[in-house]
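**Q** For reference, this is structure10.txt, and it has compact mmCIF, C-alpha atoms.
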# COMPACT_ATOMS: atom_id res chain seq x y z
CA MET A 1 9.32 15.23 5.57
CA ILE A 2 6.86 14.59 8.39
CA HIS A 3 3.64 12.74 7.63
CA ASP A 4 0.53 12.54 9.75
CA LEU A 5 0.47 8.78 9.55
CA PRO A 6 -0.56 6.54 12.45
CA GLU A 7 1.90 4.57 14.51
CA ASN A 8 2.72 0.92 13.69
CA GLY A 9 0.33 -0.42 16.34
CA SER A 10 -2.76 1.30 14.94
CA SER A 11 -5.70 -0.27 13.16
CA ILE A 12 -4.81 1.06 9.70
CA GLY A 13 -3.26 -1.63 7.54
CA GLU A 14 -0.28 -1.28 5.28
CA GLU A 15 -2.41 -0.99 2.13
CA GLU A 16 -4.51 1.82 3.61
CA GLU A 17 -1.35 3.61 4.72
CA MET A 18 0.04 3.44 1.19
CA GLY A 19 -3.25 4.76 -0.21
CA LEU A 20 -3.19 7.64 2.25
CA ARG A 21 0.43 8.43 1.39
CA ARG A 22 -0.36 8.32 -2.33
CA LYS A 23 -3.30 10.66 -1.82
CA GLN A 24 -1.09 13.13 0.04
CA ILE A 25 1.51 13.01 -2.73
CA LEU A 26 -1.13 13.67 -5.38
CA MET A 27 -2.57 16.59 -3.40
CA GLY A 28 0.93 18.10 -3.21
CA GLN A 29 1.43 17.64 -6.96
CA LYS A 30 -1.92 19.24 -7.67
CA ALA A 31 -1.04 22.27 -5.53
CA TYR A 32 2.33 22.55 -7.31
CA PHE A 33 0.72 22.43 -10.78
CA GLU A 34 -1.99 24.92 -9.80
CA ASN A 35 0.64 27.31 -8.43
CA ASN A 36 2.71 27.09 -11.63
CA LEU A 37 -0.42 27.62 -13.73
CA ARG A 38 -1.45 30.64 -11.69
CA ASP A 39 2.04 32.14 -12.00
CA ARG A 40 2.13 31.56 -15.75
CA LEU A 41 -1.33 33.07 -16.28
CA SER A 42 -0.35 36.16 -14.24
CA PHE A 43 2.87 36.45 -16.27
CA LEU A 44 0.94 36.24 -19.55
CA SER A 45 -1.65 38.75 -18.38
CA GLY A 46 1.22 41.09 -17.43
CA LYS A 47 2.46 40.86 -21.02
CA GLY A 48 -1.03 41.82 -22.23
CA ILE A 49 -2.12 38.34 -23.42
CA LYS A 50 -5.80 37.73 -22.67
CA PRO A 51 -7.23 34.38 -21.38
CA PRO A 52 -8.52 32.94 -24.71
CA LYS A 53 -5.08 33.35 -26.23
CA ALA A 54 -3.32 32.39 -22.98
CA ASP A 55 -5.08 29.00 -23.04
CA LYS A 56 -3.11 28.17 -26.18
CA ASP A 57 0.22 28.67 -24.42
CA THR A 58 2.10 25.36 -24.24
CA LEU A 59 3.01 25.62 -20.56
CA VAL A 60 -0.57 26.54 -19.62
CA ARG A 61 -1.90 23.57 -21.58
CA LYS A 62 0.68 21.24 -20.00
CA TRP A 63 -0.17 22.29 -16.44
CA GLN A 64 -3.91 22.09 -17.13
CA ALA A 65 -3.41 18.55 -18.44
CA ASP A 66 -1.34 17.66 -15.36
CA ILE A 67 -4.10 18.99 -13.08
CA ARG A 68 -6.73 16.95 -14.96
CA ALA A 69 -4.59 13.82 -14.64
CA VAL A 70 -4.12 14.33 -10.90
CA ASN A 71 -7.85 14.95 -10.44
CA LYS A 72 -8.60 11.71 -12.25
CA ARG A 73 -6.18 9.78 -10.02
CA LEU A 74 -7.69 11.35 -6.90
CA SER A 75 -11.20 10.40 -8.02
CA LEU A 76 -10.06 6.79 -8.52
CA ILE A 77 -8.58 6.75 -5.03
CA ALA A 78 -11.82 8.18 -3.61
CA ALA A 79 -13.85 5.52 -5.43
CA ASN A 80 -11.53 2.83 -4.09
CA GLU A 81 -11.89 4.14 -0.53
CA LYS A 82 -15.68 4.22 -0.89
CA ARG A 83 -15.74 0.63 -2.14
CA THR A 84 -13.48 -0.45 0.74
CA GLU A 85 -15.81 1.22 3.27
CA GLU A 86 -18.85 -0.50 1.73
CA MET A 87 -17.12 -3.88 1.84
CA ALA A 88 -16.16 -3.32 5.48
CA LYS A 89 -19.77 -2.41 6.27
CA VAL A 90 -21.07 -5.56 4.55
CA LYS A 91 -18.50 -7.66 6.37
CA ALA A 92 -19.52 -6.15 9.71
CA GLU A 93 -23.21 -6.82 8.95
CA ARG A 94 -22.46 -10.44 8.13
CA ALA A 95 -20.48 -10.83 11.34
CA ALA A 96 -23.30 -9.24 13.36
CA ALA A 97 -25.96 -11.46 11.76
CA PRO A 98 -27.48 -13.91 14.25
CA ARG A 99 -25.91 -17.35 14.19
CA LYS A 100 -29.31 -19.07 14.45
CA GLU A 101 -30.14 -18.35 10.83
CA GLN A 102 -26.86 -19.74 9.61
CA GLU A 103 -26.91 -22.87 11.80
CA GLY A 104 -30.65 -23.50 11.35
CA GLY A 105 -30.29 -23.89 7.61
CA LYS A 106 -27.62 -26.54 8.01
CA GLY A 107 -29.47 -28.69 10.53
CA GLU A 108 -32.83 -28.87 8.74
CA LYS A 109 -31.62 -30.72 5.67
CA PRO A 110 -30.06 -34.06 6.57
CA LYS A 111 -27.81 -35.56 3.93
CA LYS A 112 -29.15 -38.65 2.21
CA ALA A 113 -26.87 -41.62 1.92
CA PRO A 114 -26.60 -43.02 -1.61
CA GLU A 115 -28.59 -46.22 -2.08
CA GLU A 116 -26.54 -49.33 -2.75
CA GLY A 117 -27.98 -50.34 -6.11
CA LYS A 118 -27.82 -46.90 -7.72
CA GLY A 119 -24.10 -46.07 -7.38
CA LYS A 120 -21.71 -45.96 -10.31
CA LYS A 121 -20.44 -49.28 -11.53
CA LYS A 122 -16.74 -49.79 -11.35
CA ALA A 123 -14.88 -50.73 -14.50
CA PRO A 124 -13.10 -54.09 -14.45
CA GLU A 125 -9.37 -54.11 -13.92
CA GLY A 126 -8.68 -54.66 -17.61
CA GLY A 127 -9.67 -51.06 -18.30
CA LYS A 128 -12.57 -51.84 -20.60
CA SER A 129 -16.15 -51.47 -19.43
CA GLN A 130 -18.58 -54.35 -19.73
CA LYS A 131 -21.59 -54.00 -21.97
CA THR A 132 -24.97 -54.47 -20.38
CA THR A 133 -26.58 -57.74 -21.29
CA GLY A 134 -30.07 -56.79 -22.32
CA SER A 135 -32.02 -57.29 -25.47
CA SER A 136 -30.70 -55.14 -28.24
CA GLU A 137 -34.23 -54.40 -29.40
CA GLU A 138 -35.23 -52.41 -26.28
CA GLY A 139 -33.68 -49.09 -27.22
CA GLN A 140 -33.69 -49.50 -31.00
CA THR A 141 -36.64 -49.00 -33.30
CA THR A 142 -36.84 -51.79 -35.82
CA LYS A 143 -39.34 -52.48 -38.54
CA LYS A 144 -40.94 -55.13 -36.33
CA ASN A 145 -41.30 -52.68 -33.39
CA VAL A 146 -42.90 -50.02 -35.59
CA GLU A 147 -45.42 -52.54 -36.96
CA GLU A 148 -46.34 -53.66 -33.45
CA LYS A 149 -46.84 -50.07 -32.25
CA THR A 150 -49.03 -49.10 -35.22
CA ALA A 151 -51.13 -52.24 -34.90
CA ALA A 152 -51.91 -51.55 -31.27
Reformat the file's structure so that it appears as structure tokens.

**A**
Amino acid sequence: MIHDLPENGSSIGEEEEMGLRRKQILMGQKAYFENNLRDRLSFLSGKGIKPPKADKDTLVRKWQADIRAVNKRLSLIAANEKRTEEMAKVKAERAAAPRKEQEGGKGEKPKKAPEEGKGKKKAPEGGKSQKTTGSSEEGQTTKKNVEEKTAA
């Protein structure tokens, strides 16, 4: 079987080649199913069976279902190709964007070095952290603190 596929040195990748091959296979299957359906419908009409009753024939229903399934697969492939083209277009636009915008954003904001006193404290080697030595009344509300606040 001869395929109209590009040579190995072309720009089409292996994934695109497989998609193209799959599409060709599905188109062949669709033509086969449509031909069988057409032959069956002509056979039934030759026997005197009209289309509403012919649609109930099991072979007709099977080939109609096969055609619907192939059409669905082909639409998914078409949607995939469309998405791939859009992504390639976006990628090309990003590559063609001027470098000044990209580099200008980086140079305007210099990184600030962390100040010495505000870094994280290291835990002692024993594995336990030291408690801060401050008055225990600073963060806690006691009866004495409430009285002082209400008096003021």

**Q** Have a look at CA of Ile25 (chain A) and CA of Arg38 (chain A) and let me know their distance in Å, one decimal.

**A**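 If I compute the distance from CA of Ile25 (chain A) to CA of Arg38 (chain A), I get 20.0 Å.
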
**Q** Just checking: using only C-alpha atoms, which residue out of A:Ser75, A:Trp63, A:Ala97, A:Lys89 ends up closest to Glu34 (chain A)?

**A** A:Trp63

**Q** Please, what distance in Å, to one decimal, runs between CA of Glu93 (chain A) and CA of Ala78 (chain A)?

**A**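 Answer for the CA of Glu93 (chain A) to CA of Ala78 (chain A) separation: 22.6 Å.
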
**Q** For Ile77 (chain A), which residue among A:Phe33, A:Lys23, A:Asp39, A:Glu17 is the nearest when counting all atoms listed in the file?

**A** A:Lys23

**Q** Which polymer residues have any atom within 9 Å of an atom of Asn71 (chain A), counting only C-alpha atoms, with same-chain residues fewer than 3 positions away left out, as a compact mmCIF listing (two decimals) with C-alpha atoms, in the coordinates of the input?

**A**
# COMPACT_ATOMS: atom_id res chain seq x y z
CA LEU A 26 -1.13 13.67 -5.38
CA MET A 27 -2.57 16.59 -3.40
CA LYS A 30 -1.92 19.24 -7.67
CA ASP A 66 -1.34 17.66 -15.36
CA ILE A 67 -4.10 18.99 -13.08
CA ARG A 68 -6.73 16.95 -14.96
CA LEU A 74 -7.69 11.35 -6.90
CA SER A 75 -11.20 10.40 -8.02
CA LEU A 76 -10.06 6.79 -8.52

**Q** Hey, which of A:Gly46, A:Leu41, A:Lys72, A:Lys82 ends up closest to Leu59 (chain A)? Count all atoms listed in the file.

**A**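 Going through A:Gly46, A:Leu41, A:Lys72, A:Lys82 one by one, the smallest distance to Leu59 (chain A) is for A:Leu41.
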
**Q** Using Å and a single decimal, report how far CA of Gln24 (chain A) sits from CA of Leu37 (chain A).

**A**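 Separation between CA of Leu37 (chain A) and CA of Gln24 (chain A): 20.0 Å.
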